[in-house]
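Shown below: my_file.csv, with CSV, C-alpha atoms.
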```csv
chain,number,residue,atom,x,y,z
O,13,VAL,CA,92.6,103.1,84.5
O,14,THR,CA,91.4,99.6,85.5
O,15,ILE,CA,90.6,97.3,82.6
O,16,LYS,CA,88.5,94.2,83.0
O,17,ALA,CA,87.4,91.3,80.8
O,18,CYS,CA,83.9,90.6,82.0
O,19,ALA,CA,82.4,87.1,81.8
O,20,ASN,CA,78.9,88.4,82.3
O,21,GLN,CA,76.9,91.6,81.8
O,22,ALA,CA,77.1,92.6,85.5
O,23,CYS,CA,80.9,92.0,85.4
O,24,SER,CA,80.5,90.0,88.7
O,25,SER,CA,82.7,87.4,87.1
O,26,LEU,CA,85.9,87.9,85.0
O,27,TYR,CA,87.2,86.0,82.0
O,28,THR,CA,90.5,84.6,83.0
O,29,GLY,CA,91.8,83.4,79.7
O,30,ASN,CA,94.7,85.0,77.8
O,31,VAL,CA,93.7,88.5,76.8
O,32,THR,CA,96.0,91.1,75.2
O,33,LEU,CA,94.6,94.4,74.1
O,34,THR,CA,95.8,97.4,72.2
O,35,LEU,CA,94.4,100.6,73.7
O,36,SER,CA,93.6,103.9,72.2
O,37,ALA,CA,93.4,107.4,73.6
O,38,THR,CA,92.7,110.6,71.7
O,39,ASN,CA,93.6,114.3,72.0
O,40,GLY,CA,97.3,114.0,72.8
O,41,ALA,CA,96.9,111.5,75.6
O,42,SER,CA,99.4,108.5,75.8
O,43,TRP,CA,99.5,105.2,77.7
O,44,VAL,CA,102.4,104.9,80.1
O,45,GLY,CA,104.7,102.0,78.9
O,46,GLY,CA,102.9,101.8,75.5
O,47,ASP,CA,99.4,101.0,74.3
O,48,SER,CA,99.6,97.2,74.7
O,49,VAL,CA,98.3,95.5,77.9
O,50,THR,CA,97.9,91.9,78.9
O,51,LEU,CA,95.3,91.1,81.5
O,52,THR,CA,96.1,88.9,84.5
O,53,ASN,CA,93.2,87.0,86.0
O,54,GLY,CA,90.9,89.1,83.9
O,55,GLN,CA,92.1,92.6,84.8
O,56,ALA,CA,94.9,95.0,84.6
O,57,ILE,CA,95.7,98.6,85.6
O,58,LYS,CA,97.2,101.0,83.1
O,59,SER,CA,98.3,104.7,83.6
O,60,LEU,CA,97.4,107.5,81.2
O,61,ASN,CA,99.4,110.7,80.6
O,62,LYS,CA,98.3,114.0,79.1
O,63,VAL,CA,100.3,117.3,79.5
O,64,SER,CA,97.5,119.7,78.7
O,65,SER,CA,93.9,119.9,80.1
O,66,GLY,CA,91.0,118.6,78.2
O,67,GLU,CA,89.2,115.3,77.4
O,68,THR,CA,90.4,112.1,75.8
O,69,LYS,CA,88.3,109.3,74.5
O,70,LEU,CA,89.3,105.8,75.5
O,71,SER,CA,88.7,102.7,73.4
O,72,VAL,CA,90.1,99.3,72.6
O,73,ALA,CA,91.8,99.4,69.2
O,74,SER,CA,92.3,95.6,68.9
O,75,ALA,CA,92.2,92.4,71.0
O,76,ASN,CA,93.4,88.9,70.6
O,77,VAL,CA,89.9,87.6,71.6
O,78,LEU,CA,86.5,88.5,70.3
O,79,SER,CA,83.9,90.0,72.6
O,80,SER,CA,80.2,89.6,72.0
O,81,ASN,CA,79.7,93.2,73.2
O,82,SER,CA,81.6,96.5,72.8
O,83,GLU,CA,83.5,98.0,75.6
O,84,VAL,CA,81.7,99.7,78.5
O,85,CYS,CA,83.2,102.5,80.5
O,86,PHE,CA,82.6,103.6,84.1
O,87,GLU,CA,83.8,106.6,86.0
O,88,ASN,CA,83.3,106.5,89.8
O,89,SER,CA,81.0,103.6,89.4
O,90,VAL,CA,78.7,105.5,86.9
O,91,GLN,CA,78.5,104.3,83.3
O,92,ASP,CA,80.0,106.8,80.8
O,93,SER,CA,78.6,106.1,77.3
O,94,ALA,CA,81.1,108.5,75.7
O,95,CYS,CA,84.0,106.8,77.4
O,96,THR,CA,85.9,110.0,78.0
O,97,PHE,CA,88.5,110.9,80.6
O,98,SER,CA,89.0,114.5,81.7
O,99,PHE,CA,92.4,116.1,82.6
O,100,ALA,CA,92.5,119.3,84.6
O,101,ASP,CA,95.2,121.9,85.1
O,102,THR,CA,94.6,121.6,88.9
O,103,GLY,CA,93.8,118.6,91.0
O,104,LEU,CA,94.2,116.6,94.2
O,105,LYS,CA,96.7,113.8,94.6
O,106,PHE,CA,96.7,111.1,97.3
O,107,SER,CA,99.8,109.3,98.3
O,108,SER,CA,99.6,105.5,97.8
O,109,ILE,CA,97.9,103.9,100.8
O,110,PRO,CA,99.2,100.5,101.8
O,111,ASN,CA,97.1,97.8,103.4
O,112,GLN,CA,96.0,98.5,107.0
O,113,VAL,CA,95.1,96.6,110.2
O,114,ALA,CA,91.6,97.0,111.6
O,115,GLY,CA,91.3,99.1,114.7
O,116,LEU,CA,94.8,100.5,114.5
O,117,ASN,CA,96.1,103.9,113.3
O,118,SER,CA,97.9,103.7,110.0
O,119,PRO,CA,101.6,103.2,110.7
O,120,SER,CA,102.5,105.9,108.1
O,121,LYS,CA,100.5,109.1,107.3
O,122,VAL,CA,98.5,109.5,104.2
O,123,GLN,CA,99.3,112.6,102.2
O,124,LEU,CA,96.8,114.8,100.2
O,125,GLN,CA,98.3,117.4,97.9
O,126,VAL,CA,96.9,120.2,95.8
O,127,ILE,CA,98.8,120.3,92.5
O,128,LYS,CA,98.6,122.3,89.2
O,129,THR,CA,100.3,122.0,85.8
O,130,ASP,CA,103.4,124.2,85.2
O,131,THR,CA,102.5,126.0,82.0
O,132,GLU,CA,106.1,125.9,80.8
O,133,THR,CA,107.1,122.3,81.5
O,134,GLY,CA,103.8,120.4,81.8
O,135,ALA,CA,105.0,119.0,85.2
O,136,CYS,CA,102.8,118.9,88.3
O,137,VAL,CA,103.7,121.6,90.9
O,138,ALA,CA,102.0,122.6,94.2
O,139,ARG,CA,99.2,125.1,94.2
O,140,VAL,CA,99.5,126.6,97.7
O,141,THR,CA,96.4,126.8,99.9
O,142,PRO,CA,96.8,127.5,103.7
O,143,THR,CA,93.8,126.2,105.7
O,144,ALA,CA,90.8,124.7,103.9
O,145,SER,CA,87.7,122.7,104.5
O,146,VAL,CA,88.2,119.3,102.8
O,147,LYS,CA,85.3,116.9,102.3
O,148,PHE,CA,86.2,113.3,103.0
O,149,ALA,CA,84.4,110.1,102.4
O,150,TYR,CA,85.2,106.4,102.3
O,151,GLN,CA,83.8,103.8,99.9
O,152,CYS,CA,83.4,100.1,100.6
O,153,THR,CA,84.2,98.1,97.5
O,154,ASP,CA,84.5,94.5,99.0
O,155,PRO,CA,82.0,93.9,100.5
O,156,VAL,CA,80.1,96.4,98.4
O,157,SER,CA,78.3,98.1,101.3
O,158,CYS,CA,79.7,99.3,104.6
O,159,ILE,CA,78.6,97.7,107.9
O,160,ALA,CA,76.5,100.0,110.2
O,161,GLY,CA,78.2,100.9,113.4
O,162,GLN,CA,81.7,100.8,112.0
O,163,ALA,CA,83.9,103.9,111.7
O,164,PHE,CA,86.6,105.2,109.4
O,165,THR,CA,88.5,108.1,110.9
O,166,VAL,CA,90.9,110.8,109.6
O,167,ASP,CA,93.1,112.0,112.5
O,168,GLY,CA,90.4,110.7,114.9
O,169,SER,CA,87.4,112.3,113.1
O,170,ALA,CA,84.8,110.0,111.7
O,171,ILE,CA,83.9,110.4,108.0
O,172,SER,CA,80.9,109.4,105.9
O,173,SER,CA,80.5,105.9,104.5
O,174,ASN,CA,79.4,105.0,101.0
O,175,PRO,CA,78.6,101.8,99.1
O,176,GLU,CA,80.5,100.6,96.0
O,177,SER,CA,77.7,101.8,93.7
O,178,ALA,CA,78.2,105.5,94.2
O,179,VAL,CA,79.8,108.2,96.5
O,180,SER,CA,77.4,110.9,97.6
O,181,GLN,CA,78.0,111.4,101.4
O,182,TYR,CA,81.0,113.5,102.6
O,183,THR,CA,82.2,114.9,105.9
O,184,ALA,CA,83.9,118.3,106.0
O,185,LEU,CA,87.1,118.5,108.0
O,186,THR,CA,89.4,121.6,108.4
O,187,ARG,CA,92.9,120.8,107.2
O,188,SER,CA,96.1,122.8,107.1
O,189,PHE,CA,98.3,122.6,104.0
O,190,ASP,CA,102.0,123.4,104.2
O,191,SER,CA,103.1,126.5,102.2
O,192,VAL,CA,105.8,124.7,100.2
O,193,ASN,CA,104.1,121.6,98.8
O,194,ALA,CA,100.4,122.4,99.4
O,195,ARG,CA,100.2,119.1,101.3
O,196,THR,CA,98.3,117.9,104.3
O,197,GLU,CA,99.1,114.7,106.2
O,198,PHE,CA,96.9,112.5,108.4
O,199,THR,CA,96.5,109.1,110.0
O,200,ILE,CA,93.6,106.8,109.1
O,201,LYS,CA,91.8,104.0,111.0
O,202,TYR,CA,89.0,101.7,110.2
O,203,THR,CA,87.2,99.5,112.7
O,204,ASP,CA,86.0,96.9,110.3
O,205,VAL,CA,87.8,94.8,107.6
O,206,GLY,CA,87.4,94.8,103.8
O,207,LYS,CA,88.6,96.6,100.7
O,208,ILE,CA,88.3,100.4,100.9
O,209,ARG,CA,88.8,103.5,98.8
O,210,LEU,CA,89.2,107.0,100.3
O,211,HIS,CA,87.7,110.1,98.6
O,212,ALA,CA,88.4,113.8,99.0
O,213,MET,CA,86.7,117.0,97.6
O,214,LEU,CA,88.1,120.5,97.9
O,215,GLU,CA,86.7,123.8,96.8
O,216,LEU,CA,89.4,126.3,95.8
O,217,ALA,CA,88.7,130.1,95.6
O,218,ALA,CA,89.9,132.1,92.6
O,219,GLN,CA,93.6,133.0,93.1
O,220,ASN,CA,96.1,135.1,91.2
O,221,GLY,CA,94.0,135.0,88.0
O,222,GLN,CA,93.3,131.3,88.4
O,223,PRO,CA,89.5,130.4,88.5
O,224,ALA,CA,87.6,128.9,91.4
O,225,LEU,CA,87.5,125.2,91.2
O,226,THR,CA,86.0,122.1,92.9
O,227,LEU,CA,88.6,119.3,93.0
O,228,GLN,CA,87.8,115.6,93.6
O,229,GLN,CA,90.1,112.6,93.9
O,230,GLN,CA,90.0,109.1,95.1
O,231,SER,CA,92.8,107.0,96.5
O,232,ASN,CA,93.9,103.5,95.5
O,233,GLU,CA,92.0,100.6,96.8
O,234,PHE,CA,93.5,99.1,100.0
O,235,ILE,CA,92.7,96.2,102.2
O,236,VAL,CA,92.0,96.4,105.9
O,237,ARG,CA,92.7,93.0,107.5
O,238,PRO,CA,91.9,91.7,111.0
O,239,ASP,CA,94.3,92.5,113.8
O,240,ARG,CA,94.4,88.8,114.8
O,241,ILE,CA,92.3,85.6,114.8
O,242,ILE,CA,92.0,83.7,118.0
O,243,VAL,CA,90.9,80.0,118.1
O,244,GLN,CA,89.9,78.7,121.5
O,245,SER,CA,89.2,75.1,122.4
O,246,VAL,CA,85.9,74.3,124.0
O,247,ASN,CA,85.8,71.6,126.6
O,248,ARG,CA,82.6,69.5,126.7
```

Please express the file's structure as structure tokens.
Amino acid sequence: VTIKACANQACSSLYTGNVTLTLSATNGASWVGGDSVTLTNGQAIKSLNKVSSGETKLSVASANVLSSNSEVCFENSVQDSACTFSFADTGLKFSSIPNQVAGLNSPSKVQLQVIKTDTETGACVARVTPTASVKFAYQCTDPVSCIAGQAFTVDGSAISSNPESAVSQYTALTRSFDSVNARTEFTIKYTDVGKIRLHAMLELAAQNGQPALTLQQQSNEFIVRPDRIIVQSVNR
């Protein structure tokens, strides 16, 4: 969960003063490392745990600074007035994606795994699926719109671009998942530079008494930097 102290209504500018918050989460959810968080340069990232499925309501219990407005929550760039977060028994999990270099294949493969909750331990285990059609998309977050003519590829196949405001366009790719970890691996490449987030959607058929599900997940934000910058002298 990304927490920001906004200096204006659009949150295009952050309040960078000292901010310490005590967070709240209902319905058995807990904040990893405790419910206190201190914002650095106006923002912080905090993880949330819940061992059973269901919704939890997020809020700020207390703060060391007063805000002129109550907290506002967004999920996938869409405002959520209820400020709830849903936990599912089954989901997708991206491996952490490091920063990349424009025009080059990722030096390490990105992993996407289908996981489900072990009903006895509450731990995440693999939900096996052999070959499946996975819908991929990428989202430009800085700049907030993607440049026309540029391409983001998954194992050489171009996927759909989306602006920071919302993700609605996906490209379906056939992926093979291993039988032990329900995991697929792939290289990525982006021809432009900027801050990017990768998205995946997978429809699972009913299996062994488990219902049919549509799973969605997004990766961490990562930066794609220029391969090199060349400065040439000009003789006049």

Please identify all polymer residues within 9 Å of Pro110 of chain O, counting only C-alpha atoms, omitting same-chain residues fewer than 2 positions from it, and present them as a PyMOL selection string.
-> chain O and resi 108+112+118+120+232-235

Coordinates-based distance that separates atom CA of Gly103 of chain O from atom CA of Ile171 of chain O (Å, one decimal) =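 Those two atoms sit 21.3 Å apart.
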
Which is closest to Gln91 of chain O among O:Ser177, O:Thr203, O:Ser191, O:Ser48, if we use only C-alpha atoms?
-> O:Ser177

Rounded to one decimal in Å, what is the spacing between atom CA of Ser107 of chain O and atom CA of Leu225 of chain O?
->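 Distance reported for this atom pair: 21.3 Å.
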
Within 10 Å of Gln21 of chain O, counting only C-alpha atoms, which residues qualify if same-chain residues fewer than 3 places away don't, as a list in words?
->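 Non-adjacent residues within range: Cys18, Ser24, Ser25, Asn81 and Val84 of chain O.
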
Just the residues within 8 Å of segment 143-152 of chain O, please, counting all atoms listed in the file, with nothing from its chain fewer than 5 positions along; format it as a ChimeraX atom specification.
-> /O:157-158,164,171-176,179,181-189,206-215

Go ahead and write the residues just picked, C-alpha atoms, as a PDB file, keeping the file's coordinate frame.
```pdb
ATOM      1  CA  SER O 157      78.300  98.100 101.300  1.00  0.00           C
ATOM      2  CA  CYS O 158      79.700  99.300 104.600  1.00  0.00           C
ATOM      3  CA  PHE O 164      86.600 105.200 109.400  1.00  0.00           C
ATOM      4  CA  ILE O 171      83.900 110.400 108.000  1.00  0.00           C
ATOM      5  CA  SER O 172      80.900 109.400 105.900  1.00  0.00           C
ATOM      6  CA  SER O 173      80.500 105.900 104.500  1.00  0.00           C
ATOM      7  CA  ASN O 174      79.400 105.000 101.000  1.00  0.00           C
ATOM      8  CA  PRO O 175      78.600 101.800  99.100  1.00  0.00           C
ATOM      9  CA  GLU O 176      80.500 100.600  96.000  1.00  0.00           C
ATOM     10  CA  VAL O 179      79.800 108.200  96.500  1.00  0.00           C
ATOM     11  CA  GLN O 181      78.000 111.400 101.400  1.00  0.00           C
ATOM     12  CA  TYR O 182      81.000 113.500 102.600  1.00  0.00           C
ATOM     13  CA  THR O 183      82.200 114.900 105.900  1.00  0.00           C
ATOM     14  CA  ALA O 184      83.900 118.300 106.000  1.00  0.00           C
ATOM     15  CA  LEU O 185      87.100 118.500 108.000  1.00  0.00           C
ATOM     16  CA  THR O 186      89.400 121.600 108.400  1.00  0.00           C
ATOM     17  CA  ARG O 187      92.900 120.800 107.200  1.00  0.00           C
ATOM     18  CA  SER O 188      96.100 122.800 107.100  1.00  0.00           C
ATOM     19  CA  PHE O 189      98.300 122.600 104.000  1.00  0.00           C
ATOM     20  CA  GLY O 206      87.400  94.800 103.800  1.00  0.00           C
ATOM     21  CA  LYS O 207      88.600  96.600 100.700  1.00  0.00           C
ATOM     22  CA  ILE O 208      88.300 100.400 100.900  1.00  0.00           C
ATOM     23  CA  ARG O 209      88.800 103.500  98.800  1.00  0.00           C
ATOM     24  CA  LEU O 210      89.200 107.000 100.300  1.00  0.00           C
ATOM     25  CA  HIS O 211      87.700 110.100  98.600  1.00  0.00           C
ATOM     26  CA  ALA O 212      88.400 113.800  99.000  1.00  0.00           C
ATOM     27  CA  MET O 213      86.700 117.000  97.600  1.00  0.00           C
ATOM     28  CA  LEU O 214      88.100 120.500  97.900  1.00  0.00           C
ATOM     29  CA  GLU O 215      86.700 123.800  96.800  1.00  0.00           C
TER      30      GLU O 215
END
```

Nearest to Arg139 of chain O: which of O:Ala19, O:Ala194, O:Val113, O:Cys95 is it, counting all atoms listed in the file?
-> O:Ala194

Within 12 Å of (107.0, 105.6, 84.1), all atoms listed in the file: residues as an MDAnalysis selection string?
-> chainID O and resid 42:46 58:61

The selected residues should be written to file as an mmCIF file, in the frame of the given file (atoms: C-alpha atoms).
```cif
data_model
loop_
_atom_site.group_PDB
_atom_site.id
_atom_site.type_symbol
_atom_site.label_atom_id
_atom_site.label_comp_id
_atom_site.auth_asym_id
_atom_site.auth_seq_id
_atom_site.Cartn_x
_atom_site.Cartn_y
_atom_site.Cartn_z
ATOM 1 C CA SER O 42 99.400 108.500 75.800
ATOM 2 C CA TRP O 43 99.500 105.200 77.700
ATOM 3 C CA VAL O 44 102.400 104.900 80.100
ATOM 4 C CA GLY O 45 104.700 102.000 78.900
ATOM 5 C CA GLY O 46 102.900 101.800 75.500
ATOM 6 C CA LYS O 58 97.200 101.000 83.100
ATOM 7 C CA SER O 59 98.300 104.700 83.600
ATOM 8 C CA LEU O 60 97.400 107.500 81.200
ATOM 9 C CA ASN O 61 99.400 110.700 80.600
#
```

Go through O:Ala56, O:Leu70, O:Ile200, O:Leu51 one by one, measure the shortest atom-to-atom distance of each to Lys121 of chain O using only C-alpha atoms, and give the residue with the smallest value.
->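 For Lys121 of chain O, the nearest of the given residues is O:Ile200.
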
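Between atom CA of Lys105 of chain O and atom CA of Lys201 of chain O there is a distance of 19.7 Å.
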
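The residue that comes closest to Ser71 of chain O, out of O:Ala114, O:Ala170, O:Val13, O:Leu124 and on the basis of all atoms listed in the file, is O:Val13.
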
Can you pull out every residue within 9 Å of Ser98 of chain O, counting all atoms listed in the file, but drop anything in the same chain fewer than 3 positions away, and send it as a list in words?
-> Ser65, Gly66, Glu67, Thr68 and Lys69 of chain O

Export of the given selection (C-alpha atoms) as an mmCIF file, in the coordinates of the input:
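File written: result-v8.cif
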```cif
data_model
loop_
_atom_site.group_PDB
_atom_site.id
_atom_site.type_symbol
_atom_site.label_atom_id
_atom_site.label_comp_id
_atom_site.auth_asym_id
_atom_site.auth_seq_id
_atom_site.Cartn_x
_atom_site.Cartn_y
_atom_site.Cartn_z
ATOM 1 C CA SER O 65 93.900 119.900 80.100
ATOM 2 C CA GLY O 66 91.000 118.600 78.200
ATOM 3 C CA GLU O 67 89.200 115.300 77.400
ATOM 4 C CA THR O 68 90.400 112.100 75.800
ATOM 5 C CA LYS O 69 88.300 109.300 74.500
#
```

Residue nearest Asn20 of chain O - candidates O:Thr165, O:Ser231, O:Asn111, O:Ser79, atoms counted: all atoms listed in the file |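 Looking at the shortest contact to Asn20 of chain O, the residue is O:Ser79.
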
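Excluding Asp101 of chain O and any residue on its chain fewer than 4 positions from it, the residues at most 8 Å away by all atoms listed in the file are O:Ser64, O:Ser65, O:Lys128, O:Thr129.
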
Which of O:Phe97, O:Val126, O:Asn117, O:Leu104 sits closest to Cys85 of chain O [using only C-alpha atoms] | O:Phe97

What does segment 118-227 of chain O look like written to a file with C-alpha atoms, as a compact mmCIF listing (two decimals), in the first residue's frame?
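The result, stored in out39.txt:
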```txt
# COMPACT_ATOMS: atom_id res chain seq x y z
CA SER O 118 15.87 -7.85 -19.19
CA PRO O 119 19.04 -9.46 -17.79
CA SER O 120 16.93 -11.71 -15.55
CA LYS O 121 13.54 -13.25 -16.25
CA VAL O 122 10.33 -11.97 -14.70
CA GLN O 123 8.25 -14.61 -12.91
CA LEU O 124 4.45 -14.79 -12.73
CA GLN O 125 2.98 -17.38 -10.39
CA VAL O 126 -0.54 -18.63 -9.64
CA ILE O 127 -0.90 -19.04 -5.86
CA LYS O 128 -3.64 -20.05 -3.45
CA THR O 129 -4.00 -20.08 0.33
CA ASP O 130 -3.30 -23.34 2.14
CA THR O 131 -6.47 -23.83 4.21
CA GLU O 132 -4.52 -25.40 7.11
CA THR O 133 -1.52 -23.06 7.41
CA GLY O 134 -2.69 -19.83 5.74
CA ALA O 135 0.51 -19.86 3.65
CA CYS O 136 0.58 -19.22 -0.09
CA VAL O 137 1.10 -22.36 -2.20
CA ALA O 138 1.00 -22.98 -5.96
CA ARG O 139 -2.29 -23.58 -7.75
CA VAL O 140 -1.16 -25.62 -10.73
CA THR O 141 -2.32 -24.68 -14.21
CA PRO O 142 -0.54 -26.09 -17.32
CA THR O 143 -0.96 -23.84 -20.36
CA ALA O 144 -3.12 -20.74 -20.16
CA SER O 145 -3.93 -17.53 -22.00
CA VAL O 146 -2.59 -14.66 -19.90
CA LYS O 147 -3.62 -11.10 -20.71
CA PHE O 148 -0.73 -8.66 -20.33
CA ALA O 149 -0.61 -4.86 -20.31
CA TYR O 150 1.86 -2.18 -19.36
CA GLN O 151 1.10 1.17 -17.75
CA CYS O 152 3.13 4.35 -18.09
CA THR O 153 3.22 6.18 -14.76
CA ASP O 154 5.98 8.76 -15.42
CA PRO O 155 5.35 10.25 -17.90
CA VAL O 156 1.65 9.54 -17.36
CA SER O 157 0.99 8.50 -20.97
CA CYS O 158 2.90 6.18 -23.27
CA ILE O 159 4.60 7.45 -26.42
CA ALA O 160 3.07 6.24 -29.69
CA GLY O 161 5.32 3.99 -31.73
CA GLN O 162 7.19 2.56 -28.74
CA ALA O 163 6.86 -1.11 -27.77
CA PHE O 164 6.93 -3.18 -24.59
CA THR O 165 7.48 -6.88 -25.28
CA VAL O 166 7.06 -10.11 -23.31
CA ASP O 167 9.35 -12.76 -24.79
CA GLY O 168 9.36 -10.75 -28.01
CA SER O 169 5.56 -10.25 -28.24
CA ALA O 170 4.28 -6.66 -28.01
CA ILE O 171 1.62 -5.97 -25.37
CA SER O 172 -0.92 -3.16 -24.98
CA SER O 173 -0.03 0.24 -23.54
CA ASN O 174 -2.11 2.15 -21.00
CA PRO O 175 -1.88 5.60 -19.37
CA GLU O 176 -1.41 6.21 -15.66
CA SER O 177 -5.11 7.05 -15.25
CA ALA O 178 -6.47 3.53 -15.93
CA VAL O 179 -5.66 0.12 -17.41
CA SER O 180 -8.24 -1.16 -19.91
CA GLN O 181 -6.28 -2.57 -22.88
CA TYR O 182 -4.68 -6.03 -22.65
CA THR O 183 -2.95 -8.44 -25.05
CA ALA O 184 -3.52 -12.20 -24.66
CA LEU O 185 -0.42 -14.41 -24.79
CA THR O 186 -0.26 -18.18 -24.37
CA ARG O 187 1.99 -19.08 -21.44
CA SER O 188 3.17 -22.42 -20.03
CA PHE O 189 3.23 -22.81 -16.24
CA ASP O 190 5.45 -25.42 -14.59
CA SER O 191 3.66 -28.24 -12.77
CA VAL O 192 5.43 -27.74 -9.42
CA ASN O 193 5.26 -24.01 -8.72
CA ALA O 194 2.56 -22.92 -11.23
CA ARG O 195 5.09 -20.37 -12.48
CA THR O 196 5.90 -18.92 -15.90
CA GLU O 197 9.05 -16.95 -16.70
CA PHE O 198 9.75 -14.41 -19.44
CA THR O 199 12.05 -11.62 -20.55
CA ILE O 200 10.78 -8.08 -21.03
CA LYS O 201 11.98 -5.19 -23.18
CA TYR O 202 10.84 -1.58 -23.57
CA THR O 203 12.01 0.66 -26.39
CA ASP O 204 11.35 3.93 -24.54
CA VAL O 205 12.36 5.31 -21.13
CA GLY O 206 10.26 6.16 -18.09
CA LYS O 207 8.57 4.60 -15.07
CA ILE O 208 6.48 1.51 -15.89
CA ARG O 209 4.15 -0.97 -14.21
CA LEU O 210 3.31 -4.41 -15.69
CA HIS O 211 -0.18 -5.93 -15.40
CA ALA O 212 -1.49 -9.49 -15.86
CA MET O 213 -4.96 -11.04 -15.96
CA LEU O 214 -5.71 -14.79 -15.92
CA GLU O 215 -9.03 -16.61 -16.10
CA LEU O 216 -8.96 -19.92 -14.20
CA ALA O 217 -11.51 -22.65 -14.89
CA ALA O 218 -13.22 -24.48 -12.03
CA GLN O 219 -10.87 -27.13 -10.64
CA ASN O 220 -11.21 -29.87 -8.00
CA GLY O 221 -14.11 -28.15 -6.30
CA GLN O 222 -12.49 -24.70 -6.58
CA PRO O 223 -14.60 -22.09 -8.43
CA ALA O 224 -13.75 -20.39 -11.71
CA LEU O 225 -11.88 -17.15 -11.08
CA THR O 226 -10.52 -14.12 -12.90
CA LEU O 227 -7.21 -13.09 -11.35
```
